[in-house]
Amino acid sequence: MTLSDRPKPQRRLSMPKLTRRLTNIVIHDADLELVPASTVPSTPTHEMLQEEFLDQWGKALEESPLAHQATDAGSLQASIAYHMNASLFRTQHNLEKIAVYQAVAHSLADKLLVAWNRTQQRYRKENPKRVYYLSMEFLLGRALDNAMLALQMKKPYEEAVQNLGFRMEDLLEQERDPALGNGGLGRLAACYMDAAAALDLPMWGYGLRYQYGLFRQSVEQGYQREAPDDWLLRHHPWEFPRDIKYDVQFYGYVATRMNDKGESRLFWESDHKIRAAAYDVPVPGYGHEGYCGNIRLWASEPPRHGGFDLDAFNHGDYDRSVAGLKDAFLLTAVLYPNDNHQGGKELRLKQEYFFISASVQDVVHRFKRYRCPWSEFPSKVAFQLNDTHPTLAIPELQRILVDVEGLAWDDAWDIVCRTFSFTNHTVLPEALERWPVPMMEKVLPRHMQIIYDLNLFFLQKVEQQFPGNRDLLNKVSIIEESSPQQVRMAYLAVVGSHTVNGVAALHSELVLTQLFHDFATVYGAEKFINITNGITQRRWLYQANPGLRDLITQKLGSEAWVADLPQLKQLAPFASDPEFQQQWMAVKYANKVRLAQWIQEETGITINPRALFDIQVKRMHEYKRQFLNILGVIYRYRILLQLTPEERRRLPPRVVIIAGKAAPGYDIAKLVIKLINSVADVVNNDPVVDDCLKVIYLPDYNVSLAEKIVPASDISQHISVAGMEASGTSNMKFVLNGGLILGTVDGANIEIRDEIGDDNIFLFGTLADQVADIRHAQKYHGLLLDVDLQSVLDAIQAGVFGDPAIFNALIDTLEYGGDYYLISEDFAAFLDAQKRVDATFMDRATWARKSILCTAGMGFFSSDRAVNEYATRIWKLDQASAK
């Protein structure tokens, strides 16, 4: 026999090293069995009433007073008075605005509860495919005004409140914004939940109920200061606590269970558990009598028997006695714990897993109640990952299907991949999460095993498809071979999802050609699609700008545009009508007066509402270039000082308004805030410039403040480095309200330009395909700062705006840091764009026409359109699911 005649041995695939190391414990389990995907899982155990009693309960609920609530002003007064007494334990002799607000909120929540219950009962009966939107943030904003408008009950409630001696405007100001998000990610999630409710789509949101949110921002001596945002200090009437709880475990070990046939299954065992408790937040559907969406938020609690150690307490070890309570409290105390230290990193990892584990357990529990086989899971469930934070849901569902439910690995993985889809929101490194393997081994040992195995099997398929291409294997590996090794969560999301989408045309192109180019080679370009972001017109125009709402409704003849935003294009023919321009600008002026009065009350600074309101409000980050903005303000200030009074009068007065929070550990962003406030102190107190220029920094930016700022905007700045802003949604809000944009050719600015026309937007700066070459040249050939920029930096270093040493690190990012964010490269173009803004603003008729055309062109950017695209292109909801 020759060597060539010998039979080829079967290839044996070795287990990854971690799997071998953590599975050396074997436990005999005679009841263990593997189940096929066609198996119908056992129904969760809970006591069920007989059918006849279920019917009686249904009839009783439909006949209850809650289901037959009158909506006239007199009946609403009685409802408010009832809750003042029964829910708040007060009488008419013990009232203040906050108590009346809460009574009104409870009254309206009764009506939401009826719609919420009817919606859930309909789902239970019809069992449609449901979408579960997993997001670490839901930046909801205040609920009372939104709910009254959605249920079309604001006028009777206003009348009822007035008859009781209060004004609705005062009560609305009593509500605290829920501290459940930080920026655009959370606000987008809230817009999509509103759209799903308006479209009557079976979609739930899942997130965390943070005790203190990100932080409450204040400014002391120009510096950002952080304090807990204790939004739950008073009772929050817009949530329904549920008796739904799941245990989530951490740490521990992995063992093998084996039956008499030699069949085995891994399981994860740990004594370190924290309980997730559900709170449901209703999302009213605009104009729907009986539809109400839902966001389920998880709060962390100690396990049933492990919260308080009485033995330790009795022995005087009081710290140990409450250690379990402390661990549970910390998990959902704060959004995005500062991760510039090891403890913060581990807490953030635990927070993300806690969120997705409770959510996936809840969805699996709900699926099992319908007695469908596991193979039907993807036809009944769709998970949407809102960025990389919820990506651990992929190995978690695989773990539950394989370890808990007993499915074969390949059957489970097929279900997982047909269930998940992934939205990428940015190409920034910090958003593409990586978790150190040693930390994953410690905190989530079974998930680290699963990720290793998923990666091995994925790379084996890549090797079969592209034999010998080791470079490609390295590029697409979920495990980054660094020191220590890292789990690349974005890669895991791509591998475990059937569809990946970007959120603007340019961003999606970069996702396909740069960020996930190698995965497109493996999977094909069709896996990667674009769905441009959208915003809800119901909050950002209908609610936030009632003057413009009423004018548009009057001109178009009805409120049909609220549910069909493209109808706004009917405004375009009136853009050059002098009478309509006058009405339009009168609404804008009224909004500016309202904002000016609020700023006077809050800051003591008086601003001219006839000035050009120049606004930049967003999360503080170097790529968003608030630094460029304030450097431009300094340049303008220095020019104004050089002009004669007559020359200054030829320029439009300008009020620059900036707001946004910097992450607690982001020192450079905090220095930008300090510089803004230092410049404001000098400019606002200089009698030479007087009303020609004012600079305002507004602390603690949130949704409610945005609702005051957005309608008052003349120009808003969206000036990120080209290619670094995925989409942006604040730009959409400003333009929808008739504000013009000063921006770079980046994100959704490009598509907004395409919809409203080149003449109605002020774009400038480097293009995305030029950025890499410019950075290369600056790095290897040096950087010559723009002359005008250098003069601005000289003024800062000369102490014009306080101790120059404070700003050394900030200036060093330009002079010694290579100017990564291209401030010098774009400075001259930025100043030129500002001159074009000045010249256009002086022509009032031209500005009014542009403002009208901006609003008229924004129909495409409704979140209704975006969510419909997700429903048809990704989630594959059929007509029965999207009634």
# chains A, B, ... in the order shown; residues from 1 in each chain; ligands from 1
>>> select_by_dssp(residues="segment 442-620 of chain A", states="helix (DSSP H, G or I)", output="VMD selection string")
chain A and resid 442 to 443 445 to 465 470 to 476 489 to 495 505 to 515 517 to 523 525 to 527 537 to 543 546 to 556 560 to 562 565 to 574 578 to 603
>>> closest_atom_pairs(of="segment 271-355 of chain A", to="segment 127-132 of chain A", cutoff="12 Å", atoms="only C-alpha atoms", output="tab-separated table")
residue	atom	partner	partner_atom	distance
A:Gly293	CA	A:Val131	CA	11.3
A:Asn294	CA	A:Tyr132	CA	10.2
A:Ile295	CA	A:Tyr132	CA	9.4
A:Arg296	CA	A:Tyr132	CA	10.0
>>> write_last_selection(atoms="N, CA and C atoms", output="mmCIF file, in the first residue's frame")
data_model
loop_
_atom_site.group_PDB
_atom_site.id
_atom_site.type_symbol
_atom_site.label_atom_id
_atom_site.label_comp_id
_atom_site.auth_asym_id
_atom_site.auth_seq_id
_atom_site.Cartn_x
_atom_site.Cartn_y
_atom_site.Cartn_z
ATOM 1 N N GLY A 293 -47.932 51.650 22.706
ATOM 2 C CA GLY A 293 -46.694 50.877 22.734
ATOM 3 C C GLY A 293 -46.126 50.776 24.128
ATOM 4 N N ASN A 294 -44.953 50.164 24.224
ATOM 5 C CA ASN A 294 -44.398 49.898 25.548
ATOM 6 C C ASN A 294 -42.878 49.881 25.511
ATOM 7 N N ILE A 295 -42.274 50.433 26.559
ATOM 8 C CA ILE A 295 -40.847 50.290 26.815
ATOM 9 C C ILE A 295 -40.704 49.627 28.174
ATOM 10 N N ARG A 296 -40.029 48.499 28.203
ATOM 11 C CA ARG A 296 -39.810 47.797 29.477
ATOM 12 C C ARG A 296 -38.399 48.103 29.966
#
>>> closest_residue(among="A:Leu822, A:Val402, A:Leu473, A:Ile852", to="Leu34 of chain A", atoms="only C-alpha atoms")
A:Val402
>>> closest_residue(among="A:Leu671, A:Ala611, A:Val283, A:Leu651", to="Asp194 of chain A", atoms="only C-alpha atoms")
A:Val283
>>> residues_around(residues="Gln717 of chain A", least_positions_apart="4", cutoff="12 Å", atoms="only C-alpha atoms", output="PyMOL selection string")
chain A and resi 613-618+624-626+628-630+632+656-659+710+713+728+730-732+734-735+739-744+749+761-764+830+833-834+837
>>> select_by_dssp(residues="segment 235-435 of chain A", states="strand (DSSP E)", output="PyMOL selection string")
chain A and resi 240-250+253-258+264-269+272-284+292-301+381-386+420-423+434-435
>>> closest_atom_pairs(of="segment 194-232 of chain A", to="segment 136-142 of chain A", cutoff="9 Å", atoms="only C-alpha atoms", output="Markdown table")
| residue | atom | partner | partner_atom | distance |
| --- | --- | --- | --- | --- |
| A:Gly205 | CA | A:Phe138 | CA | 8.6 |
| A:Tyr206 | CA | A:Met136 | CA | 8.1 |
| A:Gly207 | CA | A:Met136 | CA | 5.4 |
| A:Leu208 | CA | A:Met136 | CA | 6.6 |
>>> residues_around(residues="Asn163 of chain A", least_positions_apart="4", cutoff="12 Å", atoms="only C-alpha atoms", output="PDB file with N, CA and C atoms, in the first residue's frame")
ATOM      1  N   ALA A  73     -64.507  68.332  30.351  1.00  0.00           N
ATOM      2  CA  ALA A  73     -63.724  69.046  31.367  1.00  0.00           C
ATOM      3  C   ALA A  73     -64.221  68.744  32.776  1.00  0.00           C
ATOM      4  N   GLY A  74     -65.528  68.663  32.956  1.00  0.00           N
ATOM      5  CA  GLY A  74     -66.062  68.390  34.290  1.00  0.00           C
ATOM      6  C   GLY A  74     -65.651  67.027  34.803  1.00  0.00           C
ATOM      7  N   SER A  75     -65.726  66.016  33.945  1.00  0.00           N
ATOM      8  CA  SER A  75     -65.320  64.669  34.357  1.00  0.00           C
ATOM      9  C   SER A  75     -63.828  64.605  34.636  1.00  0.00           C
ATOM     10  N   LEU A  76     -63.028  65.329  33.854  1.00  0.00           N
ATOM     11  CA  LEU A  76     -61.585  65.350  34.098  1.00  0.00           C
ATOM     12  C   LEU A  76     -61.259  66.045  35.412  1.00  0.00           C
ATOM     13  N   GLN A  77     -62.020  67.084  35.762  1.00  0.00           N
ATOM     14  CA  GLN A  77     -61.823  67.719  37.068  1.00  0.00           C
ATOM     15  C   GLN A  77     -62.056  66.698  38.184  1.00  0.00           C
ATOM     16  N   ALA A  78     -63.110  65.917  38.047  1.00  0.00           N
ATOM     17  CA  ALA A  78     -63.397  64.911  39.079  1.00  0.00           C
ATOM     18  C   ALA A  78     -62.287  63.875  39.140  1.00  0.00           C
ATOM     19  N   ILE A  80     -59.110  64.316  38.348  1.00  0.00           N
ATOM     20  CA  ILE A  80     -57.936  64.943  38.959  1.00  0.00           C
ATOM     21  C   ILE A  80     -58.109  65.027  40.468  1.00  0.00           C
ATOM     22  N   ALA A  81     -59.301  65.454  40.897  1.00  0.00           N
ATOM     23  CA  ALA A  81     -59.556  65.558  42.338  1.00  0.00           C
ATOM     24  C   ALA A  81     -59.492  64.187  43.015  1.00  0.00           C
ATOM     25  N   PRO A 156     -59.463  69.824  26.702  1.00  0.00           N
ATOM     26  CA  PRO A 156     -60.297  69.585  27.888  1.00  0.00           C
ATOM     27  C   PRO A 156     -59.488  69.541  29.184  1.00  0.00           C
ATOM     28  N   TYR A 157     -58.261  69.040  29.132  1.00  0.00           N
ATOM     29  CA  TYR A 157     -57.450  69.049  30.354  1.00  0.00           C
ATOM     30  C   TYR A 157     -57.052  70.477  30.730  1.00  0.00           C
ATOM     31  N   GLU A 158     -56.740  71.303  29.747  1.00  0.00           N
ATOM     32  CA  GLU A 158     -56.425  72.705  30.049  1.00  0.00           C
ATOM     33  C   GLU A 158     -57.617  73.384  30.714  1.00  0.00           C
ATOM     34  N   GLU A 159     -58.802  73.131  30.200  1.00  0.00           N
ATOM     35  CA  GLU A 159     -60.007  73.725  30.784  1.00  0.00           C
ATOM     36  C   GLU A 159     -60.232  73.212  32.197  1.00  0.00           C
ATOM     37  N   ARG A 167     -52.689  76.862  35.873  1.00  0.00           N
ATOM     38  CA  ARG A 167     -52.422  76.965  34.441  1.00  0.00           C
ATOM     39  C   ARG A 167     -51.643  75.745  33.983  1.00  0.00           C
ATOM     40  N   MET A 168     -52.038  75.185  32.849  1.00  0.00           N
ATOM     41  CA  MET A 168     -51.369  73.984  32.354  1.00  0.00           C
ATOM     42  C   MET A 168     -49.898  74.252  32.083  1.00  0.00           C
TER      43      MET A 168
END
>>> closest_residue(among="A:Glu463, A:Asp200, A:Asp229, A:Asp754", to="Gly213 of chain A", atoms="only C-alpha atoms")
A:Asp229
>>> residues_around(residues="Leu640 of chain A", least_positions_apart="6", cutoff="9 Å", atoms="only C-alpha atoms", output="list of chain:residue names")
A:Glu647, A:Arg648, A:Val688, A:Val689, A:Cys692, A:Leu693
